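Chemist: Dropping in query.cif, which is mmCIF, C-alpha atoms:
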```
data_my_file
#
loop_
_atom_site.label_atom_id
_atom_site.label_comp_id
_atom_site.auth_asym_id
_atom_site.auth_seq_id
_atom_site.Cartn_x
_atom_site.Cartn_y
_atom_site.Cartn_z
CA MET K 1 0.00 0.00 0.00
CA LEU K 2 2.85 2.38 0.89
CA HIS K 3 4.59 1.71 -2.45
CA LYS K 4 1.39 2.47 -4.33
CA LYS K 5 0.96 5.80 -2.49
CA LEU K 6 4.61 6.69 -3.04
CA ARG K 7 4.35 5.94 -6.77
CA LEU K 8 1.16 7.98 -7.01
CA PHE K 9 2.81 10.88 -5.17
CA LEU K 10 5.90 10.74 -7.43
CA PHE K 11 3.73 10.60 -10.55
CA ALA K 12 1.72 13.63 -9.36
CA LEU K 13 4.91 15.52 -8.53
CA LEU K 14 6.44 14.76 -11.93
CA THR K 15 3.24 15.85 -13.68
CA ILE K 16 3.22 19.16 -11.78
CA LEU K 17 6.88 19.77 -12.57
CA LEU K 18 6.35 19.08 -16.27
CA LEU K 19 3.34 21.37 -16.39
CA ALA K 20 5.35 24.10 -14.67
CA CYS K 21 8.04 24.06 -17.39
CA ASP K 22 7.89 27.14 -19.58
CA THR K 23 6.86 25.94 -23.04
CA GLY K 24 4.76 28.98 -23.97
CA PRO K 25 5.45 31.44 -26.78
CA LYS K 26 8.18 33.23 -24.78
CA SER K 27 10.01 30.01 -23.93
CA GLY K 28 13.70 29.76 -24.79
CA ARG K 29 13.15 26.13 -25.73
CA GLY K 30 14.88 25.32 -29.00
CA PHE K 31 16.87 28.57 -29.07
CA ARG K 32 20.50 28.12 -30.07
CA LEU K 33 22.89 30.44 -31.84
CA PRO K 34 25.69 29.16 -34.05
CA GLU K 35 29.17 28.55 -32.62
CA GLY K 36 31.19 31.68 -32.08
CA ASP K 37 34.87 32.49 -32.44
CA PRO K 38 36.49 33.33 -29.06
CA GLU K 39 39.31 35.31 -30.71
CA LYS K 40 36.81 37.48 -32.59
CA GLY K 41 34.88 37.76 -29.32
CA LYS K 42 37.96 39.20 -27.63
CA VAL K 43 38.17 41.80 -30.39
CA ALA K 44 34.46 42.60 -29.98
CA PHE K 45 35.00 42.92 -26.20
CA THR K 46 37.50 45.73 -26.73
CA ASP K 47 35.76 47.25 -29.78
CA LEU K 48 32.55 47.62 -27.75
CA LYS K 49 34.62 48.97 -24.83
CA CYS K 50 33.45 46.24 -22.45
CA ASN K 51 36.92 46.54 -20.90
CA GLU K 52 35.91 49.97 -19.55
CA CYS K 53 33.84 48.20 -16.88
CA HIS K 54 34.91 44.53 -17.02
CA ILE K 55 38.03 42.48 -16.41
CA VAL K 56 38.24 38.94 -17.80
CA LYS K 57 40.26 36.64 -15.53
CA GLY K 58 43.47 35.50 -17.20
CA VAL K 59 43.17 37.82 -20.22
CA ASP K 60 45.35 40.83 -20.94
CA LEU K 61 43.14 43.59 -22.28
CA ALA K 62 43.67 47.28 -22.86
CA PRO K 63 43.26 49.14 -19.58
CA PRO K 64 40.18 51.32 -19.12
CA SER K 65 40.52 54.94 -20.17
CA GLY K 66 40.55 56.51 -16.71
CA SER K 67 37.18 55.31 -15.49
CA SER K 68 36.65 55.73 -11.77
CA HIS K 69 33.96 53.09 -11.27
CA VAL K 70 34.16 49.52 -10.04
CA MET K 71 35.52 46.92 -12.48
CA VAL K 72 33.32 43.80 -12.63
CA THR K 73 35.34 40.61 -13.06
CA LEU K 74 34.19 37.98 -15.55
CA GLY K 75 35.60 34.50 -16.04
CA GLY K 76 37.77 32.48 -13.71
CA GLU K 77 36.81 29.72 -11.35
CA THR K 78 33.13 29.54 -10.46
CA TYR K 79 30.84 27.29 -8.47
CA GLN K 80 27.91 28.09 -10.76
CA ILE K 81 27.74 27.06 -14.40
CA HIS K 82 27.46 30.06 -16.72
CA THR K 83 25.38 28.66 -19.55
CA TYR K 84 25.21 29.99 -23.07
CA GLY K 85 21.73 31.33 -22.30
CA ASP K 86 22.94 33.03 -19.09
CA LEU K 87 25.68 34.87 -20.96
CA VAL K 88 23.44 35.92 -23.87
CA THR K 89 20.84 37.19 -21.39
CA SER K 90 23.47 39.09 -19.39
CA ILE K 91 24.58 40.89 -22.54
CA ILE K 92 21.22 41.74 -24.10
CA ASN K 93 19.24 42.20 -20.87
CA PRO K 94 21.74 43.11 -18.14
CA SER K 95 19.04 44.13 -15.66
CA HIS K 96 17.57 40.60 -15.72
CA ARG K 97 20.07 39.49 -13.08
CA ILE K 98 22.38 42.08 -11.59
CA THR K 99 25.78 40.88 -10.44
CA ARG K 100 26.38 40.29 -6.75
CA GLY K 101 29.50 40.81 -4.70
CA TYR K 102 29.92 44.47 -5.56
CA PRO K 103 28.57 47.58 -3.83
CA LYS K 104 24.97 47.94 -5.01
CA GLU K 105 25.43 51.61 -5.98
CA ALA K 106 28.42 50.64 -8.15
CA VAL K 107 26.51 48.21 -10.39
CA GLU K 108 22.91 49.41 -10.37
CA GLN K 109 20.81 52.52 -10.26
CA GLY K 110 17.09 52.55 -9.56
CA GLY K 111 16.97 48.74 -9.62
CA LYS K 112 18.47 48.62 -13.14
CA SER K 113 21.95 47.53 -14.16
CA LYS K 114 24.39 50.33 -14.95
CA MET K 115 25.65 48.27 -17.88
CA LEU K 116 25.06 50.07 -21.14
CA ASN K 117 22.56 48.62 -23.59
CA PHE K 118 24.41 47.51 -26.72
CA ASN K 119 21.42 45.97 -28.51
CA GLY K 120 21.27 48.73 -31.14
CA VAL K 121 25.04 48.83 -31.64
CA MET K 122 26.34 45.26 -31.43
CA THR K 123 25.87 42.91 -34.36
CA VAL K 124 24.48 39.44 -33.80
CA GLN K 125 27.84 38.00 -34.89
CA GLN K 126 29.66 40.14 -32.30
CA MET K 127 27.31 38.85 -29.61
CA ILE K 128 27.83 35.23 -30.70
CA ASP K 129 31.61 35.67 -30.66
CA LEU K 130 31.53 37.62 -27.39
CA VAL K 131 29.62 34.79 -25.69
CA ALA K 132 32.13 32.24 -27.04
CA PHE K 133 34.99 34.39 -25.69
CA LEU K 134 33.44 34.79 -22.24
CA GLN K 135 32.32 31.18 -21.92
CA SER K 136 35.84 29.97 -22.72
CA HIS K 137 37.18 31.85 -19.68
CA TYR K 138 34.91 30.34 -17.01
CA ARG K 139 36.09 27.23 -15.21
CA PHE K 140 33.40 25.36 -13.29
CA ILE K 141 34.44 23.84 -9.97
CA PRO K 142 31.95 21.26 -8.67
CA PRO K 143 30.91 21.80 -5.03
CA GLU K 144 32.50 18.50 -3.96
CA ALA K 145 35.89 19.81 -5.19
CA ILE K 146 35.77 22.71 -2.72
CA ASN K 147 37.10 20.67 0.22
#
```
Go ahead and render the structure in this file as structure tokens.
Modeler:
Amino acid sequence: MLHKKLRLFLFALLTILLLACDTGPKSGRGFRLPEGDPEKGKVAFTDLKCNECHIVKGVDLAPPSGSSHVMVTLGGETYQIHTYGDLVTSIINPSHRITRGYPKEAVEQGGKSKMLNFNGVMTVQQMIDLVAFLQSHYRFIPPEAIN
């Protein structure tokens, strides 16, 4: 009797979880851009002046031109996987998830990211290459490797 109730509970839970998945018209399901070129992404990073506000761990980039604001570090070792979708979203909708670990007033204003909106300036190819460049500089460390 207990097994039957457990199976029924698990089936109901699975059904609820599947119904909760976003498969509506705004779903990202099936979205995938072509492979990018990390070297061209590095060029796009400096061409778009991302290096005015960002440092990429392990990469020598031109220094910022005298900016006095906080430099947000990208890349390096991380305990959270930075997926392709996460990086694309961070570039085209930076206010979606504002970076943590920095003084709030340094990275946001009025609840919005201080990152400039490049959607009208950056080409799709630059974005694809930029994501390939950034993704190649993150190194995931599983939680069990922390000890």
Chemist: When the PyMOL selection byres ((chain K and resi 115) around 9) is applied to the structure above, which residues does it catch, written out as a VMD selection string?
Modeler: chain K and resid 53 91 94 to 95 107 to 108 112 to 114 116 to 118
Chemist: Convert the current residue selection to file output with C-alpha atoms, as an mmCIF file, keeping the file's coordinate frame.
Modeler:
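Output saved as out.cif:
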```
data_model
loop_
_atom_site.group_PDB
_atom_site.id
_atom_site.type_symbol
_atom_site.label_atom_id
_atom_site.label_comp_id
_atom_site.auth_asym_id
_atom_site.auth_seq_id
_atom_site.Cartn_x
_atom_site.Cartn_y
_atom_site.Cartn_z
ATOM 1 C CA CYS K 53 33.840 48.200 -16.880
ATOM 2 C CA ILE K 91 24.580 40.890 -22.540
ATOM 3 C CA PRO K 94 21.740 43.110 -18.140
ATOM 4 C CA SER K 95 19.040 44.130 -15.660
ATOM 5 C CA VAL K 107 26.510 48.210 -10.390
ATOM 6 C CA GLU K 108 22.910 49.410 -10.370
ATOM 7 C CA LYS K 112 18.470 48.620 -13.140
ATOM 8 C CA SER K 113 21.950 47.530 -14.160
ATOM 9 C CA LYS K 114 24.390 50.330 -14.950
ATOM 10 C CA LEU K 116 25.060 50.070 -21.140
ATOM 11 C CA ASN K 117 22.560 48.620 -23.590
ATOM 12 C CA PHE K 118 24.410 47.510 -26.720
#
```
Chemist: From the list K:Pro34, K:Val121, K:Thr83, K:Lys49, which residue is nearest Pro63 (chain K) when using only C-alpha atoms?
Modeler: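 So, comparing all the options, the nearest one is K:Lys49.
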Chemist: Between K:Ile128, K:Val56, K:Val43, K:Phe133, which has the minimum distance to Thr89 (chain K) (counting only C-alpha atoms)?
Modeler: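 Of the candidates, the smallest distance to Thr89 (chain K) is held by K:Ile128.
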Chemist: Residues near Gly36 (chain K), anyone? I mean within 10 Å using only C-alpha atoms, not counting same-chain ones fewer than 6 positions away, as a PDB file with C-alpha atoms, in the coordinates of the input.
Modeler:
```pdb
ATOM      1  CA  GLN K 125      27.840  38.000 -34.890  1.00  0.00           C
ATOM      2  CA  GLN K 126      29.660  40.140 -32.300  1.00  0.00           C
ATOM      3  CA  MET K 127      27.310  38.850 -29.610  1.00  0.00           C
ATOM      4  CA  ILE K 128      27.830  35.230 -30.700  1.00  0.00           C
ATOM      5  CA  ASP K 129      31.610  35.670 -30.660  1.00  0.00           C
ATOM      6  CA  LEU K 130      31.530  37.620 -27.390  1.00  0.00           C
ATOM      7  CA  VAL K 131      29.620  34.790 -25.690  1.00  0.00           C
ATOM      8  CA  ALA K 132      32.130  32.240 -27.040  1.00  0.00           C
ATOM      9  CA  PHE K 133      34.990  34.390 -25.690  1.00  0.00           C
TER      10      PHE K 133
END
```
Chemist: Interatomic distance between CA of Gly85 (chain K) and CA of His69 (chain K)?
Modeler: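 Interatomic distance here is 27.3 Å.
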Chemist: Written as a PDB file with C-alpha atoms, in the frame of the given file, what is the full residue list that the PyMOL selection byres ((chain K and resi 71) around 6) yields on the file shown?
Modeler:
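What ended up in part.pdb:
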```pdb
ATOM      1  CA  CYS K  53      33.840  48.200 -16.880  1.00  0.00           C
ATOM      2  CA  HIS K  54      34.910  44.530 -17.020  1.00  0.00           C
ATOM      3  CA  VAL K  70      34.160  49.520 -10.040  1.00  0.00           C
ATOM      4  CA  VAL K  72      33.320  43.800 -12.630  1.00  0.00           C
TER       5      VAL K  72
END
```
Chemist: Determine the nearest neighbour of Ser65 (chain K) from the options K:Thr78, K:Asn51, K:Gln135, K:Asn93, counting all atoms listed in the file.
Modeler: K:Asn51
Chemist: Pick out the closest residue to Pro143 (chain K) from this set: K:Thr73, K:Gly111, K:Lys42, K:Gln80. Count all atoms listed in the file.
Modeler: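 Smallest separation from Pro143 (chain K) among the options: K:Gln80.
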Chemist: Any idea what the distance is between CA of Tyr79 (chain K) and CA of Ile141 (chain K)?
Modeler: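 CA of Ile141 (chain K) lies 5.2 Å from CA of Tyr79 (chain K).
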Chemist: Name the closest residue to Leu74 (chain K) among the candidates K:Ile92, K:Thr99, K:Thr123, K:Pro38; distances are taken between atoms, counting all atoms listed in the file.
Modeler: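 Ranked by minimum distance to Leu74 (chain K), first place goes to K:Thr99.
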Chemist: Interatomic distance between CA of Leu61 (chain K) and CA of Leu87 (chain K)?
Modeler: 19.6 Å
Chemist: K:Glu144, K:Tyr102, K:Ala62, K:Val124: which is nearest Gly41 (chain K), counting all atoms listed in the file?
Modeler: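 Answer, going by the shortest atom-to-atom distance: K:Val124.
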